[in-house]
$ cat run.cif   # mmCIF, C-alpha atoms and all ligand atoms
data_coords
loop_
_atom_site.group_PDB
_atom_site.id
_atom_site.type_symbol
_atom_site.label_atom_id
_atom_site.label_comp_id
_atom_site.auth_asym_id
_atom_site.auth_seq_id
_atom_site.Cartn_x
_atom_site.Cartn_y
_atom_site.Cartn_z
ATOM 1 C CA MET A 13 0.000 0.000 0.000
ATOM 2 C CA GLN A 14 2.689 2.420 1.001
ATOM 3 C CA GLN A 15 4.681 1.486 -2.065
ATOM 4 C CA ALA A 16 1.727 2.152 -4.332
ATOM 5 C CA LEU A 17 1.326 5.574 -2.731
ATOM 6 C CA ALA A 18 5.030 6.349 -3.062
ATOM 7 C CA ALA A 19 5.001 5.394 -6.725
ATOM 8 C CA THR A 20 2.249 7.868 -7.554
ATOM 9 C CA GLU A 21 3.911 10.737 -5.715
ATOM 10 C CA ALA A 22 5.892 13.060 -7.967
ATOM 11 C CA PRO A 23 9.603 13.361 -7.149
ATOM 12 C CA ILE A 24 10.637 16.639 -5.537
ATOM 13 C CA LEU A 25 13.797 16.593 -7.619
ATOM 14 C CA GLN A 26 14.255 14.791 -10.890
ATOM 15 C CA ILE A 27 17.770 14.765 -12.277
ATOM 16 C CA ARG A 28 18.445 13.541 -15.791
ATOM 17 C CA ALA A 29 21.762 13.111 -17.596
ATOM 18 C CA LEU A 30 23.467 15.757 -15.488
ATOM 19 C CA HIS A 31 26.948 16.698 -16.662
ATOM 20 C CA LYS A 32 29.345 19.306 -15.361
ATOM 21 C CA TRP A 33 32.595 20.418 -16.898
ATOM 22 C CA PHE A 34 35.105 22.817 -15.390
ATOM 23 C CA GLY A 35 36.982 23.725 -18.547
ATOM 24 C CA ASP A 36 38.294 20.394 -19.828
ATOM 25 C CA LEU A 37 37.634 18.637 -16.552
ATOM 26 C CA HIS A 38 34.550 16.455 -16.882
ATOM 27 C CA VAL A 39 33.450 16.269 -13.233
ATOM 28 C CA LEU A 40 29.871 14.976 -13.414
ATOM 29 C CA ARG A 41 29.397 12.362 -16.101
ATOM 30 C CA GLY A 42 25.731 11.678 -16.484
ATOM 31 C CA ILE A 43 23.828 11.500 -13.217
ATOM 32 C CA ASP A 44 20.194 10.364 -13.089
ATOM 33 C CA LEU A 45 18.291 10.459 -9.832
ATOM 34 C CA ASP A 46 14.767 10.896 -8.517
ATOM 35 C CA VAL A 47 14.452 12.369 -5.046
ATOM 36 C CA GLN A 48 11.089 11.495 -3.500
ATOM 37 C CA PRO A 49 9.490 13.489 -0.681
ATOM 38 C CA GLY A 50 10.941 12.274 2.610
ATOM 39 C CA ASP A 51 13.994 10.671 1.012
ATOM 40 C CA ARG A 52 17.154 10.765 3.094
ATOM 41 C CA ILE A 53 19.893 10.115 0.606
ATOM 42 C CA ALA A 54 23.469 9.655 1.798
ATOM 43 C CA ILE A 55 26.153 10.292 -0.802
ATOM 44 C CA LEU A 56 29.508 8.600 -0.371
ATOM 45 C CA GLY A 57 32.619 8.769 -2.457
ATOM 46 C CA ALA A 58 36.325 9.483 -2.450
ATOM 47 C CA SER A 59 37.669 13.018 -2.406
ATOM 48 C CA GLY A 60 37.386 14.556 -5.867
ATOM 49 C CA SER A 61 34.646 12.210 -7.046
ATOM 50 C CA GLY A 62 32.241 15.118 -7.606
ATOM 51 C CA LYS A 63 30.062 14.985 -4.475
ATOM 52 C CA SER A 64 30.185 18.720 -3.715
ATOM 53 C CA THR A 65 29.764 19.661 -7.354
ATOM 54 C CA PHE A 66 26.694 17.448 -7.530
ATOM 55 C CA LEU A 67 25.064 19.099 -4.493
ATOM 56 C CA ARG A 68 26.014 22.551 -5.738
ATOM 57 C CA CYS A 69 24.325 21.821 -9.069
ATOM 58 C CA LEU A 70 21.144 20.871 -7.222
ATOM 59 C CA ASN A 71 20.703 24.379 -5.873
ATOM 60 C CA PHE A 72 22.374 25.958 -8.890
ATOM 61 C CA MET A 73 25.347 27.417 -7.073
ATOM 62 C CA GLU A 74 27.027 25.682 -9.992
ATOM 63 C CA LEU A 75 25.162 25.650 -13.262
ATOM 64 C CA PRO A 76 24.834 22.247 -14.891
ATOM 65 C CA SER A 77 26.707 22.041 -18.203
ATOM 66 C CA GLU A 78 24.209 19.595 -19.621
ATOM 67 C CA GLY A 79 21.128 17.688 -18.563
ATOM 68 C CA GLU A 80 17.942 18.563 -16.778
ATOM 69 C CA ILE A 81 16.887 19.170 -13.201
ATOM 70 C CA SER A 82 13.193 19.463 -12.379
ATOM 71 C CA LEU A 83 11.879 20.762 -9.091
ATOM 72 C CA LYS A 84 8.407 19.395 -8.371
ATOM 73 C CA ALA A 85 7.927 18.463 -12.030
ATOM 74 C CA ARG A 86 8.985 21.921 -13.222
ATOM 75 C CA PRO A 87 12.151 21.844 -15.356
ATOM 76 C CA ILE A 88 14.628 24.518 -14.278
ATOM 77 C CA GLY A 89 16.034 26.641 -17.075
ATOM 78 C CA ARG A 90 14.919 27.028 -20.667
ATOM 79 C CA PRO A 91 16.087 24.715 -23.398
ATOM 80 C CA SER A 92 18.514 26.384 -25.782
ATOM 81 C CA GLY A 93 20.583 24.830 -28.519
ATOM 82 C CA GLN A 94 19.794 21.704 -30.463
ATOM 83 C CA GLY A 95 21.175 18.269 -31.217
ATOM 84 C CA SER A 96 24.511 17.579 -29.600
ATOM 85 C CA ALA A 97 24.741 21.218 -28.435
ATOM 86 C CA ARG A 98 21.515 20.874 -26.445
ATOM 87 C CA GLN A 99 21.825 23.036 -23.320
ATOM 88 C CA ARG A 100 19.700 25.063 -20.979
ATOM 89 C CA SER A 101 19.939 28.705 -20.031
ATOM 90 C CA TYR A 102 19.032 29.959 -16.603
ATOM 91 C CA ALA A 103 17.359 33.196 -15.517
ATOM 92 C CA GLN A 104 18.508 34.759 -12.232
ATOM 93 C CA ALA A 105 14.965 35.118 -10.872
ATOM 94 C CA GLU A 106 14.295 31.445 -11.454
ATOM 95 C CA LEU A 107 17.553 30.415 -9.785
ATOM 96 C CA CYS A 108 16.665 32.581 -6.822
ATOM 97 C CA GLU A 109 13.368 30.705 -6.481
ATOM 98 C CA VAL A 110 15.136 27.357 -6.625
ATOM 99 C CA ARG A 111 17.644 28.383 -3.969
ATOM 100 C CA LYS A 112 14.765 29.177 -1.610
ATOM 101 C CA SER A 113 13.415 25.663 -2.072
ATOM 102 C CA VAL A 114 16.750 23.886 -1.834
ATOM 103 C CA GLY A 115 18.763 24.830 1.261
ATOM 104 C CA MET A 116 22.425 24.054 1.752
ATOM 105 C CA VAL A 117 24.673 23.471 4.757
ATOM 106 C CA PHE A 118 28.421 23.539 4.136
ATOM 107 C CA GLN A 119 31.404 21.824 5.671
ATOM 108 C CA GLN A 120 32.864 25.201 6.710
ATOM 109 C CA PHE A 121 29.584 26.645 8.082
ATOM 110 C CA ASN A 122 30.001 29.869 6.030
ATOM 111 C CA LEU A 123 28.503 32.127 8.715
ATOM 112 C CA PHE A 124 29.024 35.887 8.475
ATOM 113 C CA PRO A 125 31.678 36.542 11.152
ATOM 114 C CA HIS A 126 30.707 40.185 11.732
ATOM 115 C CA MET A 127 27.048 39.376 12.422
ATOM 116 C CA SER A 128 25.426 37.935 15.530
ATOM 117 C CA VAL A 129 23.988 34.438 15.484
ATOM 118 C CA LEU A 130 20.468 35.863 15.262
ATOM 119 C CA ALA A 131 21.431 38.239 12.427
ATOM 120 C CA ASN A 132 23.000 35.338 10.531
ATOM 121 C CA VAL A 133 19.773 33.359 10.703
ATOM 122 C CA MET A 134 17.653 36.434 9.860
ATOM 123 C CA GLU A 135 19.757 37.503 6.875
ATOM 124 C CA GLY A 136 18.108 35.386 4.183
ATOM 125 C CA LEU A 137 14.653 36.125 5.562
ATOM 126 C CA LEU A 138 15.289 39.861 5.251
ATOM 127 C CA THR A 139 17.191 39.992 1.972
ATOM 128 C CA VAL A 140 15.824 37.049 -0.012
ATOM 129 C CA LEU A 141 12.303 36.590 1.370
ATOM 130 C CA ARG A 142 11.955 40.319 2.183
ATOM 131 C CA GLN A 143 10.169 39.616 5.427
ATOM 132 C CA PRO A 144 9.472 42.404 7.909
ATOM 133 C CA ARG A 145 12.184 42.541 10.577
ATOM 134 C CA GLU A 146 9.902 41.421 13.437
ATOM 135 C CA GLU A 147 8.633 38.404 11.508
ATOM 136 C CA ALA A 148 12.178 37.464 10.468
ATOM 137 C CA ARG A 149 13.306 37.755 14.070
ATOM 138 C CA ARG A 150 10.467 35.539 15.276
ATOM 139 C CA ARG A 151 11.179 32.887 12.682
ATOM 140 C CA ALA A 152 14.924 32.983 13.274
ATOM 141 C CA LEU A 153 14.489 32.571 17.036
ATOM 142 C CA LEU A 154 12.173 29.639 16.478
ATOM 143 C CA GLN A 155 14.824 27.886 14.395
ATOM 144 C CA LEU A 156 17.555 28.672 16.910
ATOM 145 C CA GLU A 157 15.392 27.080 19.581
ATOM 146 C CA LYS A 158 15.001 24.059 17.390
ATOM 147 C CA VAL A 159 18.769 23.527 17.212
ATOM 148 C CA GLY A 160 19.111 24.302 20.922
ATOM 149 C CA LEU A 161 20.855 27.658 20.574
ATOM 150 C CA ALA A 162 18.258 30.297 21.432
ATOM 151 C CA ASP A 163 20.498 31.390 24.314
ATOM 152 C CA LYS A 164 23.319 32.183 21.857
ATOM 153 C CA ALA A 165 21.273 34.579 19.718
ATOM 154 C CA THR A 166 23.395 37.620 20.574
ATOM 155 C CA ALA A 167 26.752 35.822 20.390
ATOM 156 C CA PHE A 168 29.079 36.086 17.399
ATOM 157 C CA PRO A 169 30.218 33.016 15.463
ATOM 158 C CA ALA A 170 33.792 33.205 16.796
ATOM 159 C CA GLN A 171 32.429 32.840 20.342
ATOM 160 C CA LEU A 172 30.847 29.482 19.501
ATOM 161 C CA SER A 173 32.280 25.993 19.153
ATOM 162 C CA GLY A 174 32.394 24.459 15.687
ATOM 163 C CA GLY A 175 29.437 22.252 16.530
ATOM 164 C CA GLN A 176 27.406 25.244 17.647
ATOM 165 C CA GLN A 177 28.368 27.192 14.520
ATOM 166 C CA GLN A 178 27.207 24.327 12.364
ATOM 167 C CA ARG A 179 23.920 24.184 14.257
ATOM 168 C CA VAL A 180 23.471 27.905 13.548
ATOM 169 C CA ALA A 181 24.130 27.204 9.874
ATOM 170 C CA ILE A 182 21.438 24.523 9.973
ATOM 171 C CA ALA A 183 19.020 26.952 11.652
ATOM 172 C CA ARG A 184 19.794 29.482 8.937
ATOM 173 C CA ALA A 185 18.995 26.959 6.216
ATOM 174 C CA LEU A 186 15.809 25.830 7.993
ATOM 175 C CA ALA A 187 14.562 29.386 8.468
ATOM 176 C CA MET A 188 14.017 29.649 4.728
ATOM 177 C CA GLU A 189 11.653 26.665 4.977
ATOM 178 C CA PRO A 190 13.276 24.777 2.109
ATOM 179 C CA GLU A 191 11.674 21.676 0.643
ATOM 180 C CA VAL A 192 15.008 19.930 0.262
ATOM 181 C CA LEU A 193 18.072 20.220 2.479
ATOM 182 C CA LEU A 194 21.570 19.572 1.169
ATOM 183 C CA PHE A 195 24.351 18.820 3.643
ATOM 184 C CA ASP A 196 27.907 18.803 2.312
ATOM 185 C CA GLU A 197 30.085 16.959 4.849
ATOM 186 C CA PRO A 198 28.515 18.911 7.715
ATOM 187 C CA THR A 199 30.682 17.246 10.364
ATOM 188 C CA SER A 200 33.980 16.872 8.510
ATOM 189 C CA SER A 201 35.636 19.951 9.960
ATOM 190 C CA LEU A 202 34.513 19.315 13.523
ATOM 191 C CA ASP A 203 36.536 17.906 16.394
ATOM 192 C CA PRO A 204 35.343 14.341 17.043
ATOM 193 C CA GLU A 205 33.601 15.255 20.306
ATOM 194 C CA LEU A 206 31.420 17.818 18.477
ATOM 195 C CA VAL A 207 30.226 15.550 15.680
ATOM 196 C CA GLY A 208 27.463 13.998 17.763
ATOM 197 C CA GLU A 209 25.563 17.219 18.486
ATOM 198 C CA VAL A 210 25.372 18.084 14.789
ATOM 199 C CA LEU A 211 24.379 14.562 13.762
ATOM 200 C CA GLY A 212 21.746 14.761 16.514
ATOM 201 C CA VAL A 213 20.163 17.798 14.869
ATOM 202 C CA ILE A 214 20.259 16.126 11.440
ATOM 203 C CA ARG A 215 18.747 12.973 12.928
ATOM 204 C CA GLY A 216 15.868 15.066 14.310
ATOM 205 C CA LEU A 217 15.242 16.516 10.851
ATOM 206 C CA ALA A 218 15.308 13.035 9.333
ATOM 207 C CA GLU A 219 12.773 11.841 11.886
ATOM 208 C CA GLU A 220 10.497 14.765 10.979
ATOM 209 C CA GLY A 221 10.381 13.389 7.450
ATOM 210 C CA ARG A 222 12.436 16.138 5.818
ATOM 211 C CA THR A 223 13.813 15.487 2.365
ATOM 212 C CA MET A 224 17.580 15.596 2.452
ATOM 213 C CA LEU A 225 20.757 14.720 0.624
ATOM 214 C CA LEU A 226 23.788 14.309 2.819
ATOM 215 C CA VAL A 227 27.390 13.931 1.730
ATOM 216 C CA THR A 228 29.128 12.228 4.623
ATOM 217 C CA HIS A 229 31.857 9.845 5.690
ATOM 218 C CA GLU A 230 29.853 8.887 8.790
ATOM 219 C CA LEU A 231 28.860 5.468 7.505
ATOM 220 C CA GLY A 232 27.231 4.401 10.751
ATOM 221 C CA PHE A 233 24.965 7.429 10.678
ATOM 222 C CA ALA A 234 24.190 6.868 6.999
ATOM 223 C CA TYR A 235 23.331 3.243 7.692
ATOM 224 C CA HIS A 236 20.797 4.119 10.372
ATOM 225 C CA TYR A 237 19.247 7.314 9.034
ATOM 226 C CA ALA A 238 19.418 7.214 5.250
ATOM 227 C CA ASN A 239 16.881 5.293 3.187
ATOM 228 C CA LYS A 240 19.101 5.348 0.098
ATOM 229 C CA ILE A 241 22.832 5.352 -0.376
ATOM 230 C CA LEU A 242 24.668 6.526 -3.468
ATOM 231 C CA PHE A 243 28.313 5.729 -4.027
ATOM 232 C CA LEU A 244 29.817 8.242 -6.416
ATOM 233 C CA ALA A 245 32.972 7.476 -8.390
ATOM 234 C CA ASP A 246 34.411 9.521 -11.242
ATOM 235 C CA GLY A 247 31.331 11.718 -11.412
ATOM 236 C CA GLN A 248 28.888 8.851 -11.822
ATOM 237 C CA ILE A 249 26.616 6.901 -9.507
ATOM 238 C CA HIS A 250 28.747 3.783 -9.304
ATOM 239 C CA GLU A 251 26.414 1.910 -6.980
ATOM 240 C CA ALA A 252 23.078 2.769 -5.354
ATOM 241 C CA GLY A 253 20.595 1.025 -3.110
ATOM 242 C CA THR A 254 19.366 0.663 0.438
ATOM 243 C CA PRO A 255 21.871 1.000 3.280
ATOM 244 C CA ASP A 256 21.888 -2.782 3.622
ATOM 245 C CA GLN A 257 22.557 -3.302 -0.059
ATOM 246 C CA VAL A 258 25.337 -0.745 -0.443
ATOM 247 C CA LEU A 259 26.978 -0.758 2.976
ATOM 248 C CA LYS A 260 26.599 -4.398 3.992
ATOM 249 C CA HIS A 261 26.467 -6.170 0.626
ATOM 250 C CA PRO A 262 28.168 -3.950 -1.943
ATOM 251 C CA GLN A 263 28.184 -5.562 -5.367
ATOM 252 C CA LYS A 264 31.037 -3.632 -6.913
ATOM 253 C CA GLU A 265 34.640 -3.958 -5.970
ATOM 254 C CA ARG A 266 35.270 -0.239 -5.837
ATOM 255 C CA THR A 267 32.395 0.252 -3.408
ATOM 256 C CA GLN A 268 33.715 -2.600 -1.265
ATOM 257 C CA ARG A 269 37.179 -1.079 -1.110
ATOM 258 C CA PHE A 270 35.786 2.330 -0.184
ATOM 259 C CA ILE A 271 33.612 0.970 2.594
ATOM 260 C CA GLU A 272 36.446 -1.123 4.029
ATOM 261 C CA ARG A 273 38.500 2.026 4.432
ATOM 262 C CA PHE A 274 35.874 3.581 6.664
ATOM 263 C CA THR A 275 34.925 0.597 8.819
HETATM 264 P P1 LIG B 301 34.302 16.002 -3.821
HETATM 265 O O1 LIG B 301 33.321 16.895 -3.124
HETATM 266 O O2 LIG B 301 33.768 14.639 -4.094
HETATM 267 O O3 LIG B 301 35.618 15.941 -3.114
HETATM 268 P P2 LIG B 301 34.315 18.074 -5.850
HETATM 269 O O4 LIG B 301 32.965 18.098 -6.424
HETATM 270 O O5 LIG B 301 34.659 19.113 -4.854
HETATM 271 O O6 LIG B 301 34.596 16.614 -5.259
HETATM 272 O O7 LIG B 301 35.370 18.161 -6.996
HETATM 273 C C1 LIG B 301 35.387 17.292 -8.110
HETATM 274 C C2 LIG B 301 36.471 17.745 -9.078
HETATM 275 O O8 LIG B 301 36.098 18.997 -9.620
HETATM 276 C C3 LIG B 301 37.824 17.930 -8.439
HETATM 277 O O9 LIG B 301 38.802 17.525 -9.355
HETATM 278 C C4 LIG B 301 37.891 19.424 -8.204
HETATM 279 O O10 LIG B 301 39.219 19.877 -8.204
HETATM 280 C C5 LIG B 301 37.115 19.953 -9.393
HETATM 281 N N1 LIG B 301 36.454 21.246 -9.117
HETATM 282 C C6 LIG B 301 35.500 21.478 -8.183
HETATM 283 N N2 LIG B 301 35.090 22.751 -8.222
HETATM 284 C C7 LIG B 301 35.794 23.351 -9.209
HETATM 285 C C8 LIG B 301 35.821 24.674 -9.755
HETATM 286 N N3 LIG B 301 35.016 25.644 -9.292
HETATM 287 N N4 LIG B 301 36.671 24.917 -10.783
HETATM 288 C C9 LIG B 301 37.483 23.943 -11.258
HETATM 289 N N5 LIG B 301 37.501 22.685 -10.808
HETATM 290 C C10 LIG B 301 36.677 22.377 -9.797
HETATM 291 MG MG MG B 302 33.377 17.923 -1.317
#
$ encode --input "run.cif" --output "structure tokens" --more "lines below"
Ligand code: ADP
Ligand code: MG
Amino acid sequence: MQQALAATEAPILQIRALHKWFGDLHVLRGIDLDVQPGDRIAILGASGSGKSTFLRCLNFMELPSEGEISLKARPIGRPSGQGSARQRSYAQAELCEVRKSVGMVFQQFNLFPHMSVLANVMEGLLTVLRQPREEARRRALLQLEKVGLADKATAFPAQLSGGQQQRVAIARALAMEPEVLLFDEPTSSLDPELVGEVLGVIRGLAEEGRTMLLVTHELGFAYHYANKILFLADGQIHEAGTPDQVLKHPQKERTQRFIERFT
């Protein structure tokens, strides 16, 4: 029954034949993926395999070189060019809309150092969503409460631990009420004792049924909280499946070798 329901639900994100070149460097080499509402997709892969570029293409911080991304059945960008030169062109206003729907949390937090925690979380609400200051403040405080940092609202990023800074970054992403959350190695620059508090916040979001894609090397976390695992190699999805399939019974040798390194 549940499967029948899931099958009729439109994907939030539909990615088809996605390619990305940086000059001559062919980084993404044809990625196809449907992201269903409530999916928690963990993305694994060696350094340089294209994980960050893939996430960045999903909220158009990087523009795809080729292929199509649809957000709730709406293709992003207009087709331009024909035949082998088939491409899409992107309008700024449209990209701005997409970035509201697809939030991103970075490895390095990327908070504004000269702004208080509260101002960091309010910033997008004021400048992108153009909310009145009081409403932005209310929403920002709500999100800070959610990540357990309401008492740090007036602090500056440098006064916080790395784990706290990352929780602020998550609150900032959540404040925009995105439909999809992208996490790019959110715990990779944290001291080991701070990883747990950030994974705890992400776990809470997973349990709420949020749709998320998470690049991580925390295989234990991925095993328990993801419903799908992708192993990226050379800019392609080398192996994909459930956590049991990919992490416990990988079919491909390269996946096996990668997983052995982390367990
Ligand atoms: P990962 O996140 O899996 O480590 P990345 O997506 O960051 O991989 O990078 C994939 C490849 O693309 C690497 O070779 C990297 O050097 C290259 N790359 C990433 N971003 C850029 C860029 N803006 N310009 C040129 N090359 C880039
Ligand atoms: Mg990366």
$ atom_distance --input "run.cif" --atom1 "atom MG of ligand MG 302 (chain B)" --atom2 "CA of Val227 (chain A)"
7.8 Å
$ residues_near_point --input "run.cif" --point "(29.4, 4.8, 8.7)" --cutoff "12 Å" --atoms "only C-alpha atoms" --output "mmCIF file with C-alpha atoms, in the coordinates of the input"
data_model
loop_
_atom_site.group_PDB
_atom_site.id
_atom_site.type_symbol
_atom_site.label_atom_id
_atom_site.label_comp_id
_atom_site.auth_asym_id
_atom_site.auth_seq_id
_atom_site.Cartn_x
_atom_site.Cartn_y
_atom_site.Cartn_z
ATOM 1 C CA ALA A 54 23.469 9.655 1.798
ATOM 2 C CA ILE A 55 26.153 10.292 -0.802
ATOM 3 C CA LEU A 56 29.508 8.600 -0.371
ATOM 4 C CA VAL A 227 27.390 13.931 1.730
ATOM 5 C CA THR A 228 29.128 12.228 4.623
ATOM 6 C CA HIS A 229 31.857 9.845 5.690
ATOM 7 C CA GLU A 230 29.853 8.887 8.790
ATOM 8 C CA LEU A 231 28.860 5.468 7.505
ATOM 9 C CA GLY A 232 27.231 4.401 10.751
ATOM 10 C CA PHE A 233 24.965 7.429 10.678
ATOM 11 C CA ALA A 234 24.190 6.868 6.999
ATOM 12 C CA TYR A 235 23.331 3.243 7.692
ATOM 13 C CA HIS A 236 20.797 4.119 10.372
ATOM 14 C CA TYR A 237 19.247 7.314 9.034
ATOM 15 C CA ALA A 238 19.418 7.214 5.250
ATOM 16 C CA ILE A 241 22.832 5.352 -0.376
ATOM 17 C CA PRO A 255 21.871 1.000 3.280
ATOM 18 C CA ASP A 256 21.888 -2.782 3.622
ATOM 19 C CA VAL A 258 25.337 -0.745 -0.443
ATOM 20 C CA LEU A 259 26.978 -0.758 2.976
ATOM 21 C CA LYS A 260 26.599 -4.398 3.992
ATOM 22 C CA PHE A 270 35.786 2.330 -0.184
ATOM 23 C CA ILE A 271 33.612 0.970 2.594
ATOM 24 C CA GLU A 272 36.446 -1.123 4.029
ATOM 25 C CA ARG A 273 38.500 2.026 4.432
ATOM 26 C CA PHE A 274 35.874 3.581 6.664
ATOM 27 C CA THR A 275 34.925 0.597 8.819
#
$ residues_near_ligand --input "run.cif" --ligand "ligand MG 302 (chain B)" --cutoff "8 Å" --atoms "only C-alpha atoms and all ligand atoms" --output "PyMOL selection string"
chain A and resi 59-60+62-65+196-197+227
$ residues_near_ligand --input "run.cif" --ligand "ligand LIG 301 (chain B)" --cutoff "12 Å" --atoms "all atoms listed in the file" --output "PDB file with C-alpha atoms, in the coordinates of the input"
ATOM      1  CA  HIS A  31      26.948  16.698 -16.662  1.00  0.00           C
ATOM      2  CA  LYS A  32      29.345  19.306 -15.361  1.00  0.00           C
ATOM      3  CA  TRP A  33      32.595  20.418 -16.898  1.00  0.00           C
ATOM      4  CA  PHE A  34      35.105  22.817 -15.390  1.00  0.00           C
ATOM      5  CA  GLY A  35      36.982  23.725 -18.547  1.00  0.00           C
ATOM      6  CA  ASP A  36      38.294  20.394 -19.828  1.00  0.00           C
ATOM      7  CA  LEU A  37      37.634  18.637 -16.552  1.00  0.00           C
ATOM      8  CA  HIS A  38      34.550  16.455 -16.882  1.00  0.00           C
ATOM      9  CA  VAL A  39      33.450  16.269 -13.233  1.00  0.00           C
ATOM     10  CA  LEU A  40      29.871  14.976 -13.414  1.00  0.00           C
ATOM     11  CA  ARG A  41      29.397  12.362 -16.101  1.00  0.00           C
ATOM     12  CA  ILE A  55      26.153  10.292  -0.802  1.00  0.00           C
ATOM     13  CA  LEU A  56      29.508   8.600  -0.371  1.00  0.00           C
ATOM     14  CA  GLY A  57      32.619   8.769  -2.457  1.00  0.00           C
ATOM     15  CA  ALA A  58      36.325   9.483  -2.450  1.00  0.00           C
ATOM     16  CA  SER A  59      37.669  13.018  -2.406  1.00  0.00           C
ATOM     17  CA  GLY A  60      37.386  14.556  -5.867  1.00  0.00           C
ATOM     18  CA  SER A  61      34.646  12.210  -7.046  1.00  0.00           C
ATOM     19  CA  GLY A  62      32.241  15.118  -7.606  1.00  0.00           C
ATOM     20  CA  LYS A  63      30.062  14.985  -4.475  1.00  0.00           C
ATOM     21  CA  SER A  64      30.185  18.720  -3.715  1.00  0.00           C
ATOM     22  CA  THR A  65      29.764  19.661  -7.354  1.00  0.00           C
ATOM     23  CA  PHE A  66      26.694  17.448  -7.530  1.00  0.00           C
ATOM     24  CA  LEU A  67      25.064  19.099  -4.493  1.00  0.00           C
ATOM     25  CA  ARG A  68      26.014  22.551  -5.738  1.00  0.00           C
ATOM     26  CA  CYS A  69      24.325  21.821  -9.069  1.00  0.00           C
ATOM     27  CA  MET A  73      25.347  27.417  -7.073  1.00  0.00           C
ATOM     28  CA  GLU A  74      27.027  25.682  -9.992  1.00  0.00           C
ATOM     29  CA  LEU A  75      25.162  25.650 -13.262  1.00  0.00           C
ATOM     30  CA  PHE A 118      28.421  23.539   4.136  1.00  0.00           C
ATOM     31  CA  GLN A 119      31.404  21.824   5.671  1.00  0.00           C
ATOM     32  CA  PHE A 195      24.351  18.820   3.643  1.00  0.00           C
ATOM     33  CA  ASP A 196      27.907  18.803   2.312  1.00  0.00           C
ATOM     34  CA  GLU A 197      30.085  16.959   4.849  1.00  0.00           C
ATOM     35  CA  SER A 200      33.980  16.872   8.510  1.00  0.00           C
ATOM     36  CA  LEU A 226      23.788  14.309   2.819  1.00  0.00           C
ATOM     37  CA  VAL A 227      27.390  13.931   1.730  1.00  0.00           C
ATOM     38  CA  THR A 228      29.128  12.228   4.623  1.00  0.00           C
ATOM     39  CA  HIS A 229      31.857   9.845   5.690  1.00  0.00           C
ATOM     40  CA  PHE A 243      28.313   5.729  -4.027  1.00  0.00           C
ATOM     41  CA  LEU A 244      29.817   8.242  -6.416  1.00  0.00           C
ATOM     42  CA  ALA A 245      32.972   7.476  -8.390  1.00  0.00           C
ATOM     43  CA  ASP A 246      34.411   9.521 -11.242  1.00  0.00           C
ATOM     44  CA  GLY A 247      31.331  11.718 -11.412  1.00  0.00           C
ATOM     45  CA  GLN A 248      28.888   8.851 -11.822  1.00  0.00           C
ATOM     46  CA  ILE A 249      26.616   6.901  -9.507  1.00  0.00           C
TER      47      ILE A 249
END
$ resolve_selection --input "run.cif" --expression "the PyMOL selection byres (((chain A and resi 209-225) around 6) and not hetatm)" --output "VMD selection string"
chain A and resid 49 to 54 192 to 194 206 to 208 226
$ atom_distance --input "run.cif" --atom1 "CA of Phe124 (chain A)" --atom2 "CA of Glu147 (chain A)"
20.8 Å
$ closest_residue --input "run.cif" --among "A:His261, A:His126, A:Lys84, A:Arg111" --to "Leu141 (chain A)" --atoms "all atoms listed in the file"
A:Arg111
$ residues_around --input "run.cif" --residues "region 153-165 of chain A" --least-positions-apart "2" --cutoff "9 Å" --atoms "only C-alpha atoms" --output "list in words"
Ser128, Val129, Leu130, Ala131, Val133, Met134, Ala148, Arg149, Arg150, Arg151, Ala167, Phe168, Leu172, Gln176, Arg179, Val180, Ile182, Ala183, Arg184, Leu186, Ala187, Val210 and Val213 of chain A
$ resolve_selection --input "run.cif" --expression "the PyMOL selection byres (((chain A and resi 28) around 7) and not hetatm)" --output "short mmCIF file (atom, residue, chain, number, x, y, z; two decimals) with C-alpha atoms, in the frame of the given file"
data_model
loop_
_atom_site.label_atom_id
_atom_site.label_comp_id
_atom_site.auth_asym_id
_atom_site.auth_seq_id
_atom_site.Cartn_x
_atom_site.Cartn_y
_atom_site.Cartn_z
CA GLN A 26 14.26 14.79 -10.89
CA ILE A 27 17.77 14.76 -12.28
CA ALA A 29 21.76 13.11 -17.60
CA LEU A 30 23.47 15.76 -15.49
CA ILE A 43 23.83 11.50 -13.22
CA ASP A 44 20.19 10.36 -13.09
CA LEU A 45 18.29 10.46 -9.83
CA GLY A 79 21.13 17.69 -18.56
CA GLU A 80 17.94 18.56 -16.78
CA ILE A 81 16.89 19.17 -13.20
#
$ atom_distance --input "run.cif" --atom1 "CA of Lys240 (chain A)" --atom2 "CA of Pro23 (chain A)"
14.4 Å
$ residues_around --input "run.cif" --residues "Ser101 (chain A)" --least-positions-apart "3" --cutoff "9 Å" --atoms "all atoms listed in the file" --output "ChimeraX atom specification"
/A:88-92
$ closest_residue --input "run.cif" --among "A:Ala152, A:Leu107, A:Asn122, A:Glu78" --to "Pro198 (chain A)" --atoms "all atoms listed in the file"
A:Asn122
$ decode --input "run.cif" --residues "region 133-137 of chain A" --atoms "N, CA and C atoms" --output "short mmCIF file (atom, residue, chain, number, x, y, z; two decimals), in the first residue's frame"
data_model
loop_
_atom_site.label_atom_id
_atom_site.label_comp_id
_atom_site.auth_asym_id
_atom_site.auth_seq_id
_atom_site.Cartn_x
_atom_site.Cartn_y
_atom_site.Cartn_z
N VAL A 133 20.95 34.18 11.04
CA VAL A 133 19.77 33.36 10.70
C VAL A 133 18.70 34.24 10.05
N MET A 134 18.67 35.53 10.43
CA MET A 134 17.65 36.43 9.86
C MET A 134 17.99 36.89 8.44
N GLU A 135 19.28 36.84 8.10
CA GLU A 135 19.76 37.50 6.87
C GLU A 135 18.96 37.12 5.62
N GLY A 136 18.82 35.83 5.39
CA GLY A 136 18.11 35.39 4.18
C GLY A 136 16.64 35.77 4.22
N LEU A 137 16.08 35.78 5.43
CA LEU A 137 14.65 36.13 5.56
C LEU A 137 14.43 37.59 5.19
#
